[in-house]
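**Q** Below are the structure tokens for one structure; questions will follow.
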Amino acid sequence: MISSYFIFTSMREIQMVDLRAQYEKLGSEIDEAVGAVISSTAFIKGPEVRVFEEALRKYLNVKNVISCGNGTDALQIAMMALGLQPGDEVITTNFTFIATVEVVALMGLKPVLTDPDPATFNITPAAIRKAITEKTKAIVPVHLFGQCADMEAIMEIAKEYGLHVIEDVAQATGAEYFFSDGSKKRAGTIGTIGATSFFPSKNLGCYGDGGALFTNDDTLAQKMRSIANHGMKEKYHYNDIGINSRLDTLQAAILNVKLKYLDRFNSARRAAADFYDSAFTGCPYISIPARSAFSAHIFHQYTIKVGNGKRDELKKHLEQAKIPSMIYYPGPLHMQQAYRFLGYSENDFPVTSDLCKEVLSLPMHPDIEKEQLEYITSTVLDFF
Ligand SMILES: *Cc1c(COP(=O)(O)O)cnc(C)c1O
């Protein structure tokens, strides 16, 4: 069914993430960068890769950036470099994309899941503390939907118990964390290692798969660079067991263009979130996303909670009006078939279970137009 709205207006069709709108704005710059790589034929480890790593390193104000094939590999490389051993426990959140937990399990480590904060959706220091055992070796906070977890408190716990902290920055590249002393750092540069993704829909996305690791520890940086490249120290000498995980030169060239705009993209997302917030404030059935005092929110997702069991009906109502929406995440990880072996039971994570029934992510990207936001918010409010 095509809403009459689209027939009588010139409004662009609404997308969750409108990569075409972005390409229409950056197209000539991107085409030029891609063309240069193709004519150079340096597809693997071309100069653009180091140029991008250096640009991102400066942007993040961190000592080392190591690019790799994707965000999932980045998490795996981090865990390999830290020398985590089978049976070691890694504390993370039950409310995240599967990659976070998958990598832990794949390495033979034990994922220890925790219930997130129901307002910010992020892992909580209190739940981490409760989950610590003698086998705990690392914490993986995920900066979900574009907002940092409580890193200052998490780093205190890590220090107290001698744990590594791997920040999953896939949804928060560029987000700033504010410390209580007034200083600030970018997400992913606070823990032992930050791991991010450049999947096309992320805040900093390329045109395929890509990822990177950040660290202020030079020894770890060297190790991660080696692991990402077959464990090679110098040509055909292997000190570590590694994997093949590289950022393509073409993707690096695209990221070089897009990194320059990242702060502008993130502010545009925040402006869209402000619009949503003010439209929904006062609607008793909608909880707008909470914003932490210690983190700038860069709205990878704009995720509301819909009360009264009305979420799925609202989603259908939006669909009929040609407005896409997504449920991140529909099922708690501890109940997925592949993770039953962890031995959790259904009611172990009441916050996660409730969130899975209530969350709804609305269209959010830097090129969303005011007219589109007006149409989305009025369609949502019409429903209630
Ligand atoms: C996207 C994402 C990943 C994985 O990134 P890929 O590049 O797709 O492998 C990991 N963690 C979170 C939280 C993500 O959103």
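Residue names in the structure tokens use chain letters A, B, ... in the order shown, residue numbers from 1 in each chain, and ligand numbers from 1 in the order shown.
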Excluding same-chain residues fewer than 3 positions from Leu84 (chain A), what lies within 8 Å of it counting only C-alpha atoms, as a tab-separated table (two decimals) with N, CA, C and O atoms, in the first residue's frame?

**A**
```tsv
chain	number	residue	atom	x	y	z
A	79	MET	N	41.00	-10.13	21.38
A	79	MET	CA	41.03	-11.23	22.36
A	79	MET	C	42.23	-12.14	22.13
A	79	MET	O	42.82	-12.66	23.08
A	80	MET	N	42.62	-12.33	20.87
A	80	MET	CA	43.81	-13.13	20.58
A	80	MET	C	45.07	-12.43	21.12
A	80	MET	O	45.93	-13.05	21.74
A	81	ALA	N	45.14	-11.12	20.91
A	81	ALA	CA	46.33	-10.37	21.32
A	81	ALA	C	46.49	-10.34	22.84
A	81	ALA	O	47.61	-10.28	23.35
A	88	ASP	N	38.65	-18.96	30.18
A	88	ASP	CA	38.63	-17.61	30.77
A	88	ASP	C	37.25	-17.00	30.58
A	88	ASP	O	36.61	-17.21	29.54
A	109	LEU	N	36.35	-19.10	24.96
A	109	LEU	CA	36.21	-18.36	26.23
A	109	LEU	C	34.75	-18.46	26.66
A	109	LEU	O	33.89	-18.80	25.85
A	137	LYS	N	38.59	-12.55	33.07
A	137	LYS	CA	39.81	-11.96	32.54
A	137	LYS	C	39.55	-10.64	31.81
A	137	LYS	O	40.45	-9.82	31.66
```

**Q** At a cut-off of 10 Å, using only C-alpha atoms, what residues contact Arg270 (chain A)? Leave out same-chain residues fewer than 2 positions from it and give the result as number ranges by chain.

**A** A: 264-268, 272-276, 296-300, 302, 364-366

**Q** Output all heavy atoms of each residue in that selection to a file, as a short mmCIF file (atom, residue, chain, number, x, y, z; two decimals), in the first residue's frame.

**A**
```cif
data_model
loop_
_atom_site.label_atom_id
_atom_site.label_comp_id
_atom_site.auth_asym_id
_atom_site.auth_seq_id
_atom_site.Cartn_x
_atom_site.Cartn_y
_atom_site.Cartn_z
N ARG A 264 30.24 16.10 11.52
CA ARG A 264 29.03 16.73 10.96
C ARG A 264 27.90 15.72 10.87
O ARG A 264 26.75 16.03 11.18
CB ARG A 264 29.33 17.31 9.56
CG ARG A 264 29.59 18.81 9.61
CD ARG A 264 29.98 19.34 8.25
NE ARG A 264 31.42 19.17 8.02
CZ ARG A 264 32.02 19.43 6.87
NH1 ARG A 264 31.33 19.84 5.81
NH2 ARG A 264 33.32 19.28 6.75
N PHE A 265 28.24 14.50 10.43
CA PHE A 265 27.21 13.44 10.36
C PHE A 265 26.61 13.21 11.75
O PHE A 265 25.40 13.10 11.91
CB PHE A 265 27.81 12.11 9.90
CG PHE A 265 28.27 12.06 8.47
CD1 PHE A 265 29.14 11.05 8.06
CD2 PHE A 265 27.82 12.97 7.53
CE1 PHE A 265 29.58 10.96 6.74
CE2 PHE A 265 28.26 12.90 6.20
CZ PHE A 265 29.14 11.89 5.81
N ASN A 266 27.50 13.11 12.74
CA ASN A 266 27.02 12.80 14.08
C ASN A 266 26.18 13.95 14.66
O ASN A 266 25.20 13.70 15.37
CB ASN A 266 28.19 12.43 15.00
CG ASN A 266 28.74 11.03 14.69
OD1 ASN A 266 28.06 10.22 14.05
ND2 ASN A 266 29.95 10.74 15.14
N SER A 267 26.54 15.20 14.35
CA SER A 267 25.70 16.31 14.83
C SER A 267 24.34 16.29 14.14
O SER A 267 23.32 16.62 14.75
CB SER A 267 26.30 17.69 14.57
OG SER A 267 27.64 17.69 14.80
N ALA A 268 24.34 15.93 12.87
CA ALA A 268 23.06 15.87 12.14
C ALA A 268 22.16 14.80 12.75
O ALA A 268 20.94 14.96 12.88
CB ALA A 268 23.29 15.59 10.66
N ALA A 272 18.47 15.34 14.57
CA ALA A 272 17.27 14.53 14.27
C ALA A 272 16.70 13.93 15.56
O ALA A 272 15.48 13.91 15.76
CB ALA A 272 17.61 13.44 13.26
N ALA A 273 17.60 13.48 16.43
CA ALA A 273 17.16 12.90 17.71
C ALA A 273 16.46 13.96 18.56
O ALA A 273 15.44 13.67 19.21
CB ALA A 273 18.36 12.32 18.46
N ASP A 274 16.99 15.18 18.54
CA ASP A 274 16.35 16.27 19.29
C ASP A 274 14.93 16.50 18.78
O ASP A 274 14.00 16.73 19.56
CB ASP A 274 17.14 17.59 19.13
CG ASP A 274 18.49 17.55 19.86
OD1 ASP A 274 18.67 16.65 20.72
OD2 ASP A 274 19.35 18.40 19.56
N PHE A 275 14.78 16.44 17.47
CA PHE A 275 13.45 16.62 16.87
C PHE A 275 12.49 15.53 17.36
O PHE A 275 11.37 15.81 17.80
CB PHE A 275 13.55 16.60 15.34
CG PHE A 275 12.26 16.98 14.65
CD1 PHE A 275 12.07 18.26 14.16
CD2 PHE A 275 11.22 16.05 14.53
CE1 PHE A 275 10.87 18.62 13.55
CE2 PHE A 275 10.01 16.40 13.91
CZ PHE A 275 9.84 17.67 13.42
N TYR A 276 12.95 14.28 17.27
CA TYR A 276 12.13 13.16 17.76
C TYR A 276 11.77 13.36 19.23
O TYR A 276 10.62 13.22 19.63
CB TYR A 276 12.90 11.84 17.63
CG TYR A 276 12.90 11.16 16.27
CD1 TYR A 276 14.08 10.66 15.73
CD2 TYR A 276 11.72 10.94 15.57
CE1 TYR A 276 14.10 9.97 14.52
CE2 TYR A 276 11.71 10.25 14.36
CZ TYR A 276 12.90 9.77 13.84
OH TYR A 276 12.92 9.10 12.65
N ALA A 296 28.44 11.86 25.10
CA ALA A 296 27.72 12.49 24.01
C ALA A 296 27.07 11.35 23.23
O ALA A 296 27.70 10.35 22.95
CB ALA A 296 28.69 13.25 23.11
N HIS A 297 25.80 11.48 22.92
CA HIS A 297 25.08 10.44 22.19
C HIS A 297 25.20 10.76 20.70
O HIS A 297 24.87 11.87 20.29
CB HIS A 297 23.62 10.43 22.64
CG HIS A 297 22.92 9.12 22.41
ND1 HIS A 297 23.13 8.35 21.29
CD2 HIS A 297 22.00 8.47 23.16
CE1 HIS A 297 22.35 7.25 21.38
NE2 HIS A 297 21.67 7.30 22.51
N ILE A 298 25.67 9.80 19.91
CA ILE A 298 25.76 10.08 18.47
C ILE A 298 24.72 9.28 17.67
O ILE A 298 24.81 9.18 16.45
CB ILE A 298 27.19 9.86 17.91
CG1 ILE A 298 27.68 8.44 18.19
CG2 ILE A 298 28.14 10.92 18.47
CD1 ILE A 298 28.95 8.09 17.41
N PHE A 299 23.74 8.73 18.39
CA PHE A 299 22.56 8.14 17.77
C PHE A 299 22.83 7.29 16.55
O PHE A 299 22.35 7.56 15.46
CB PHE A 299 21.51 9.24 17.48
CG PHE A 299 20.92 9.76 18.74
CD1 PHE A 299 21.42 10.92 19.34
CD2 PHE A 299 19.91 9.07 19.39
CE1 PHE A 299 20.91 11.38 20.55
CE2 PHE A 299 19.39 9.52 20.60
CZ PHE A 299 19.88 10.68 21.18
N HIS A 300 23.58 6.22 16.77
CA HIS A 300 23.65 5.19 15.72
C HIS A 300 22.22 4.70 15.46
O HIS A 300 21.82 4.50 14.32
CB HIS A 300 24.55 4.03 16.18
CG HIS A 300 24.55 2.90 15.21
ND1 HIS A 300 24.97 3.04 13.91
CD2 HIS A 300 24.14 1.62 15.34
CE1 HIS A 300 24.84 1.88 13.29
NE2 HIS A 300 24.33 1.00 14.13
N TYR A 302 18.08 5.60 16.86
CA TYR A 302 17.16 6.32 17.73
C TYR A 302 16.11 5.31 18.15
O TYR A 302 15.26 4.90 17.35
CB TYR A 302 16.50 7.51 17.02
CG TYR A 302 15.62 8.29 17.98
CD1 TYR A 302 16.16 9.30 18.78
CD2 TYR A 302 14.27 7.99 18.10
CE1 TYR A 302 15.36 9.98 19.69
CE2 TYR A 302 13.47 8.67 19.01
CZ TYR A 302 14.03 9.67 19.79
OH TYR A 302 13.24 10.35 20.70
N MET A 364 17.02 6.80 11.17
CA MET A 364 18.03 7.71 11.72
C MET A 364 19.26 7.68 10.83
O MET A 364 19.86 6.62 10.62
CB MET A 364 18.40 7.25 13.14
CG MET A 364 19.58 7.98 13.77
SD MET A 364 19.48 9.78 13.75
CE MET A 364 18.32 10.11 15.08
N HIS A 365 19.57 8.81 10.25
CA HIS A 365 20.79 8.95 9.45
C HIS A 365 21.04 10.45 9.26
O HIS A 365 20.14 11.26 9.49
CB HIS A 365 20.67 8.20 8.11
CG HIS A 365 19.49 8.63 7.28
ND1 HIS A 365 19.53 9.73 6.47
CD2 HIS A 365 18.24 8.12 7.17
CE1 HIS A 365 18.34 9.86 5.87
NE2 HIS A 365 17.54 8.90 6.27
N PRO A 366 22.26 10.81 8.84
CA PRO A 366 22.60 12.24 8.81
C PRO A 366 21.81 13.04 7.77
O PRO A 366 21.74 14.26 7.88
CB PRO A 366 24.09 12.25 8.42
CG PRO A 366 24.59 10.88 8.65
CD PRO A 366 23.42 9.95 8.56
#
```

**Q** Going by DSSP on the backbone, which residues of region 55-93 of chain A come out as strand (DSSP E)? List them as a list in words.

**A**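 Those residues are Asn64, Val65, Ile66, Ser67, Cys68, Glu89, Val90, Ile91, Thr92 and Thr93 of chain A.
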
**Q** Please list as an MDAnalysis selection string every residue within 10 Å of Arg291 (chain A), counting only C-alpha atoms and excluding residues in the same chain fewer than 4 positions away.

**A** chainID A and resid 119:120 147:148 295:297

**Q** Using only C-alpha atoms and all ligand atoms, what table do you get, as a Markdown table, when you list each residue of chain A with an atom no more than 6 Å from ligand 1, its nearest pair of atoms, and their distance in Å rounded to one decimal, rows by chain then rising number?

**A**
```
| residue | atom | partner | partner_atom_place_in_ligand_line | distance |
| --- | --- | --- | --- | --- |
| A:Asn70 | CA | ligand 1 | 7 (O) | 3.9 |
| A:Gly71 | CA | ligand 1 | 7 (O) | 3.5 |
| A:Thr72 | CA | ligand 1 | 9 (O) | 3.7 |
| A:Thr96 | CA | ligand 1 | 13 (C) | 5.5 |
| A:Phe97 | CA | ligand 1 | 13 (C) | 4.9 |
| A:Ala99 | CA | ligand 1 | 10 (C) | 4.9 |
| A:Thr100 | CA | ligand 1 | 11 (N) | 5.2 |
| A:Val142 | CA | ligand 1 | 13 (C) | 5.9 |
| A:Asp168 | CA | ligand 1 | 11 (N) | 5.9 |
| A:Ala170 | CA | ligand 1 | 14 (C) | 4.7 |
| A:Gln171 | CA | ligand 1 | 15 (O) | 5.2 |
| A:Ser197 | CA | ligand 1 | 7 (O) | 4.1 |
| A:Phe198 | CA | ligand 1 | 7 (O) | 5.8 |
| A:Phe199 | CA | ligand 1 | 7 (O) | 4.9 |
| A:Asp209 | CA | ligand 1 | 7 (O) | 5.9 |
| A:Gly210 | CA | ligand 1 | 7 (O) | 5.9 |
| A:Gly211 | CA | ligand 1 | 7 (O) | 5.8 |
```
